[in-house]
Structures are given as structure tokens and as C-alpha cells.
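Colleague: Okay, here's the structure, questions in a sec.
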Amino acid sequence: MGVALYLFAPQVTEVFASWPKLSDIAPGWFAAVVTGQVASLCCLLVLQRMALRTTAWFPVATAQLSGNAFSRVVPGGAAAGAALQFRMLGRAGIEPATAVTGLTAFSVLQTASVLFLPVLALPAVLTGVYVPRTLLQSAILGGAVFVLVAALSAAVLVADRPLVAAAGAVQSLRNRLVRRRPPSTGLPQRLLQERNAVRAVLGAGWWKALLAVAGKLGFDYLSLLAALAASSSRPHPSLVLLVFASALLLGMIPITPGGLGFVEAGLYGTLTLAGVATGQAVLATLMYRLASYWLPILAGPVAYLLFRSRYGPRRKAGGLAGSTPGSAA
């Protein structure tokens with residue numbers, strides 16, 4: 001992480017050095033960028049509630065905000081944030097197998113949707129919009145990886161053997177590493193049951209899941225467009241979509257927390273490739289990252305304290321899944 005941040009230090013420094021220029025931006029643009037991020041978060045919570053098969057908002061929202069903030073301040077943040085979110089959901093009463101399969105299904109949907117984004121820019125490319133070679137290569141790579149992820153996801157959702165084999169390997173490894181506790185048994189069967197339940201929920205409400213995924217990415221994309229408009233830049237929306245997809249993919253790189261450094265350098269660089277002037281690209285990158293990266297870090301501790309005030313540090317599971325927010329409390 002230190003090496004990566006050192007290599008990207010010039011780009012990150014240049015982005016944050018434009019901080020004084022934020023005083024020239026009208027307050028309404030800041031509100032627009034933040035509103036896009038809040039709306040994107042709401043769609044994400046809707047999708048997670050569906051995957052976890054619960055009607056409660058409070059534990060899902062606080063666990064997501066806390067895990068998301070934690071993942072942005074520690075190395076290997078994605079795994080650390082998921083572990084914190086998993087523990088908080090368990091404390092709120094979500095069964096471990098339900099949390100595992102629900103969060104896995106959510107992650108697969110989110111990753112596949114990000115990889116699918118470059119395909120949406122294909123009509124503009126076919127109609128003659130000039131696309132820089134670097135953006136075109138990232139779009140082709142994203143499409144190829146999307147096909148691979150879709151194939152693997154379909155195999156897990158349809159076939160039992162891959163899931164049983166993976167769960168059996170995890171169970172065997174756990175029993176070998178943790179010998180002081182009773183051995184774990186029946187994990188493959190439990191995950192199969194939870195997988196079937198998730199598949200049934202998402203299958204019956206597929207249109208809701210589709211709308212939630214589209215809303216999550218759509219509002220995030222509009223937030224970036226608002227940041228560009230605030231910097232007086234008007235690039236072609238299709239090129240911005242490719243830039244947006246590249247930024248999301250860079251944010252998944254687990255070397256630095258939340259892709260810190262990778263996203264700033266990549267977003268700034270690809271915006272200039274899309275025809276945005278250097279000063280405008282730096283300012284738009286700063287505005288977008290303030291709303292999408294730094295504000296969630298501030299919201300995380302607040303969400304965690306609210307969660308602790310309701311459930312306490314050692315609250316036992318109470319069967320939250322499928323309950324109403326009132327009964328869960």
C-alpha cells in the first residue's frame with residue numbers, strides 16, 4: 001500500500017492541491033453531487049435488504065455504512081469491511097449462512113453490473129463518437145471479464161457441485177486451522193439452502209433487483225456528471241460512462257483502501273483523455289471523491305455508534321430475518 005501511494009503521490013497531490021478552487025463552485029452543485037451519492041446508497045440498501053431477506057432498515061444501513069467506512073481506512077479494506085459488516089449483521093440477528101449468501105449475491109450483482117457498464121456506451125461508439133484507445137481497451141476488457149463473471153455466477157446459481165465443493169473446502173480448512181473449537185459440519189448443505197432461498201427471492205423480485213442495481217450505478221454516474229458540470233466541463237456522456245466504469249474498476253483494486261490513489265490518478269487521467277481540460281478534470285475528480293470516498297468515512301463512525309446504542313456490544317442473535325423494523329428493535 002505504501003509503495004502504491006508513493007507512486008501515485010504526484011497525481012493525488014495535484015488533485016488535493018486544487019482544494020482552494022472549490023470556493024468558486026456554487027453550493028447547489030455540491031448539493032447535487034452529494035444527493036447523487038445519497039440516492040445511490042439508498043438503492044444499494046434496497047438491494048442488500050433483498051439479498052439478506054429482511055424488511056429491517058436500521059441494521060442493514062448501519063452495518064453497510066460502518067463496513068464501508070472501515071474498508072476505506074485499512075489495507076485490504078474490502079475483506080476487513082465485509083468482516084465488520086458480517087459481524088454486525090450477526091449481532092443484529094441475521095443468521096451467518098444468510099449473511100454469507102446474501103452478501104455474496106449482492107457482491108456478484110454489483111461486480112457484474114460494473115463490468116456491464118461499458119456495453120451501454122457501445123451505441124455511441126457505433127454511431128461514430130471518437131473514443132480514445134485507452135478507454136476503448138478498458139471497455140473491451142470490461143466486457144470480456146463481464147462474460148467470465150456472468151458464466152461463473154450462473155454456474156454457482158444453477159449448479160450445486162461448484163458451491164458444494166467450495167463450501168466443503170472452506171469447512172475443511174476452518175476445521176484444520178481452528179482445532180480448539182468443535183468441528184464445523186453441514187456447511188455445504190446450509191449454503192445450498194440459502195442459495196436456493198436467495199435465488200427464489202431475487203427470481204421473484206428480479207425487476208426490483210434490476211431497478212436497485214440500475215439506480216445505484218445511475219445516481220453515482222449522475223453525481224460524476226454533476227461534478228463535471230460544476231467545473232464547467234461538458235464531455236460526451238458516453239465517454240464519461242467509460243471513465244466512470246474505469247473509476248469503479250480501479251476502486252475494486254485491494255492494494256489501497258477504497259482504491260485510494262488508483263481512482264484519483266485513473267479518474268483524472270481518463271477524464272483528460274475524454275477531452276476534459278486538465279484544471280477541470282482535477283476539480284471534478286476532487287468534488288466526486290469528496291462525496292463518494294471521504295464523506296462515507298465520516299458517516300461510518302456515526303452509524304457504528306448508533307448500532308452499538310441499539311444492540312449493545314454483546315447482543316445475541318434474535319432472528320431478525322424477515323421481521324419488521326419494529327419487532328426487530
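Simple scheme: letters A, B, ... for chains in C-alpha cells order, numbers from 1 for residues in each chain, numbers from 1 for ligands in the order shown.
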Hey, what's within 12 Å of Ala226 in chain A if we count only C-alpha atoms and toss same-chain stuff fewer than 6 positions away? As a VMD selection string, please?
Modeller: chain A and resid 25 to 37 219 to 220 232 to 235 237 240 283 to 285 287 to 288 291
Colleague: Give me the residues near Ile255 in chain A as a list in words, where near means some atom within 12 Å (using only C-alpha atoms) and where sequence neighbours in that chain fewer than 6 positions away do not count.
Modeller: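 Listed by chain and then number, they are Met1, Gly2, Val3, Ala4, Leu5, Ser71, Arg72, Val73, Val74, Pro75, Gly76, Gly77, Ala78, Ala79, Gly261, Phe262 and Val263 of chain A.
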Colleague: Which of these residues is nearest to His236 in chain A, using only C-alpha atoms: A:Ala214, A:Ala274, A:Ala39, A:Ala167?
Modeller: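 Using only C-alpha atoms, the shortest distance to His236 in chain A belongs to A:Ala274.
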Colleague: Mind checking DSSP for range 168-319 of chain A and telling me the helix (DSSP H, G or I) residues as an mmCIF file with C-alpha atoms, in the first residue's frame?
Modeller:
data_model
loop_
_atom_site.group_PDB
_atom_site.id
_atom_site.type_symbol
_atom_site.label_atom_id
_atom_site.label_comp_id
_atom_site.auth_asym_id
_atom_site.auth_seq_id
_atom_site.Cartn_x
_atom_site.Cartn_y
_atom_site.Cartn_z
ATOM 1 C CA GLY A 168 -16.533 -28.208 1.652
ATOM 2 C CA ALA A 169 -13.049 -26.799 1.116
ATOM 3 C CA VAL A 170 -13.767 -23.805 3.373
ATOM 4 C CA GLN A 171 -15.221 -26.060 6.075
ATOM 5 C CA SER A 172 -12.219 -28.403 5.939
ATOM 6 C CA LEU A 173 -9.764 -25.503 6.113
ATOM 7 C CA ARG A 174 -11.621 -23.965 9.059
ATOM 8 C CA ASN A 175 -11.587 -27.250 10.993
ATOM 9 C CA ARG A 176 -7.855 -27.641 10.425
ATOM 10 C CA LEU A 177 -6.983 -24.100 11.489
ATOM 11 C CA LEU A 187 -21.827 -26.057 5.746
ATOM 12 C CA PRO A 188 -22.342 -27.178 2.115
ATOM 13 C CA GLN A 189 -25.951 -28.180 2.810
ATOM 14 C CA ARG A 190 -26.712 -24.923 4.641
ATOM 15 C CA LEU A 191 -25.234 -22.814 1.849
ATOM 16 C CA LEU A 192 -27.235 -24.757 -0.728
ATOM 17 C CA GLN A 193 -30.428 -23.996 1.181
ATOM 18 C CA GLU A 194 -29.540 -20.321 1.493
ATOM 19 C CA ARG A 195 -28.512 -20.147 -2.188
ATOM 20 C CA ASN A 196 -31.876 -21.559 -3.212
ATOM 21 C CA ALA A 197 -33.653 -19.072 -0.959
ATOM 22 C CA VAL A 198 -31.695 -16.118 -2.391
ATOM 23 C CA ARG A 199 -32.345 -17.359 -5.909
ATOM 24 C CA ALA A 200 -36.052 -17.597 -5.169
ATOM 25 C CA VAL A 201 -36.184 -14.086 -3.675
ATOM 26 C CA LEU A 202 -34.199 -12.462 -6.478
ATOM 27 C CA GLY A 203 -36.070 -14.525 -9.053
ATOM 28 C CA ALA A 204 -39.489 -13.424 -7.816
ATOM 29 C CA TRP A 206 -35.918 -9.685 -10.336
ATOM 30 C CA TRP A 207 -37.300 -6.377 -11.571
ATOM 31 C CA LYS A 208 -36.809 -4.793 -8.147
ATOM 32 C CA ALA A 209 -33.222 -6.027 -8.027
ATOM 33 C CA LEU A 210 -32.654 -4.727 -11.553
ATOM 34 C CA LEU A 211 -34.062 -1.304 -10.664
ATOM 35 C CA ALA A 212 -31.945 -1.177 -7.489
ATOM 36 C CA VAL A 213 -28.745 -2.024 -9.382
ATOM 37 C CA ALA A 214 -29.559 0.485 -12.110
ATOM 38 C CA GLY A 215 -30.379 3.158 -9.539
ATOM 39 C CA LYS A 216 -27.216 2.530 -7.558
ATOM 40 C CA LEU A 217 -24.985 2.968 -10.584
ATOM 41 C CA GLY A 218 -27.164 5.577 -12.283
ATOM 42 C CA PHE A 219 -27.211 8.031 -9.382
ATOM 43 C CA ASP A 220 -23.469 7.532 -8.868
ATOM 44 C CA TYR A 221 -22.923 8.321 -12.556
ATOM 45 C CA LEU A 222 -25.134 11.423 -12.308
ATOM 46 C CA SER A 223 -23.045 12.528 -9.328
ATOM 47 C CA LEU A 224 -19.921 12.452 -11.527
ATOM 48 C CA LEU A 225 -21.762 14.334 -14.275
ATOM 49 C CA ALA A 226 -22.755 16.992 -11.730
ATOM 50 C CA ALA A 227 -19.123 17.320 -10.629
ATOM 51 C CA LEU A 228 -18.085 17.812 -14.257
ATOM 52 C CA ALA A 229 -20.838 20.366 -14.827
ATOM 53 C CA ALA A 230 -19.730 22.232 -11.708
ATOM 54 C CA PRO A 237 -21.935 11.380 -21.741
ATOM 55 C CA SER A 238 -20.835 8.102 -23.345
ATOM 56 C CA LEU A 239 -17.183 8.940 -22.771
ATOM 57 C CA VAL A 240 -17.974 9.889 -19.174
ATOM 58 C CA LEU A 241 -19.685 6.497 -18.799
ATOM 59 C CA LEU A 242 -16.485 4.737 -19.849
ATOM 60 C CA VAL A 243 -14.489 6.937 -17.474
ATOM 61 C CA PHE A 244 -16.973 6.151 -14.700
ATOM 62 C CA ALA A 245 -16.713 2.404 -15.309
ATOM 63 C CA SER A 246 -12.912 2.617 -15.249
ATOM 64 C CA ALA A 247 -13.012 4.510 -11.932
ATOM 65 C CA LEU A 248 -15.274 1.876 -10.348
ATOM 66 C CA LEU A 249 -13.000 -0.919 -11.516
ATOM 67 C CA LEU A 250 -9.969 0.889 -10.105
ATOM 68 C CA GLY A 251 -11.822 1.247 -6.789
ATOM 69 C CA PRO A 257 -8.174 1.257 0.939
ATOM 70 C CA GLY A 258 -11.062 2.037 -1.399
ATOM 71 C CA GLY A 259 -8.653 2.332 -4.325
ATOM 72 C CA PHE A 262 -5.641 4.438 -8.063
ATOM 73 C CA VAL A 263 -9.037 6.099 -8.504
ATOM 74 C CA GLU A 264 -7.738 9.679 -8.246
ATOM 75 C CA ALA A 265 -4.976 9.064 -10.774
ATOM 76 C CA GLY A 266 -7.163 6.981 -13.060
ATOM 77 C CA LEU A 267 -10.183 9.281 -12.978
ATOM 78 C CA TYR A 268 -8.093 12.372 -13.533
ATOM 79 C CA GLY A 269 -6.167 10.736 -16.375
ATOM 80 C CA THR A 270 -9.185 9.245 -18.170
ATOM 81 C CA LEU A 271 -11.137 12.490 -17.916
ATOM 82 C CA THR A 272 -8.335 14.273 -19.753
ATOM 83 C CA LEU A 273 -8.432 11.513 -22.373
ATOM 84 C CA THR A 278 -6.626 19.487 -17.012
ATOM 85 C CA GLY A 279 -7.847 22.009 -14.434
ATOM 86 C CA GLN A 280 -11.465 20.956 -14.880
ATOM 87 C CA ALA A 281 -10.575 17.258 -14.625
ATOM 88 C CA VAL A 282 -8.693 17.830 -11.369
ATOM 89 C CA LEU A 283 -11.552 19.848 -9.854
ATOM 90 C CA ALA A 284 -14.220 17.356 -10.938
ATOM 91 C CA THR A 285 -12.166 14.469 -9.536
ATOM 92 C CA LEU A 286 -11.799 16.252 -6.206
ATOM 93 C CA MET A 287 -15.528 17.011 -5.925
ATOM 94 C CA TYR A 288 -16.555 13.475 -6.857
ATOM 95 C CA ARG A 289 -14.105 11.797 -4.484
ATOM 96 C CA LEU A 290 -15.058 14.069 -1.597
ATOM 97 C CA ALA A 291 -18.653 12.893 -1.927
ATOM 98 C CA SER A 292 -18.033 9.249 -2.844
ATOM 99 C CA TYR A 293 -14.966 8.456 -0.703
ATOM 100 C CA TRP A 294 -14.428 10.870 2.166
ATOM 101 C CA LEU A 295 -18.000 11.632 3.288
ATOM 102 C CA PRO A 296 -18.834 7.921 3.791
ATOM 103 C CA ILE A 297 -15.776 7.669 6.066
ATOM 104 C CA LEU A 298 -17.290 10.361 8.292
ATOM 105 C CA ALA A 299 -20.682 8.626 8.273
ATOM 106 C CA GLY A 300 -19.259 5.245 9.323
ATOM 107 C CA PRO A 301 -18.397 6.000 12.981
ATOM 108 C CA VAL A 302 -21.780 7.670 13.499
ATOM 109 C CA ALA A 303 -23.556 4.608 12.095
ATOM 110 C CA TYR A 304 -21.472 2.269 14.262
ATOM 111 C CA LEU A 305 -22.242 4.232 17.446
ATOM 112 C CA LEU A 306 -25.960 4.207 16.603
ATOM 113 C CA PHE A 307 -25.768 0.451 16.092
ATOM 114 C CA ARG A 308 -23.995 -0.053 19.423
ATOM 115 C CA SER A 309 -26.547 2.118 21.219
ATOM 116 C CA ARG A 310 -29.377 -0.109 19.978
ATOM 117 C CA TYR A 311 -27.878 -3.602 20.034
#
Colleague: Record the distance separating CA of Ser113 in chain A and CA of Ala56 in chain A, expressed in Å with one decimal.
Modeller: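 Going from CA of Ser113 in chain A over to CA of Ala56 in chain A, I get 25.0 Å.
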Colleague: When you look at Ala105 in chain A with a cut-off of 8 Å (counting only C-alpha atoms), what residues show up, excluding the ones that are within fewer than 3 positions of it in the same chain? I need them as a ChimeraX atom specification.
Modeller: /A:51,101-102,108-109,198
Colleague: When you draw a straight line from CA of Ala61 in chain A to CA of Leu45 in chain A, how long is it in Å?
Modeller: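 Interatomic distance here is 6.4 Å.
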Colleague: Within 12 Å of Arg87 in chain A, counting only C-alpha atoms, which residues show up once you throw out same-chain ones fewer than 2 positions away? Write them as JSON, numbers by chain, please.
Modeller: {"A": [59, 60, 62, 63, 64, 66, 67, 80, 81, 82, 83, 84, 85, 89, 90, 91, 92, 93, 94, 95, 96, 99, 100, 304, 307, 313, 314, 315, 316, 317]}
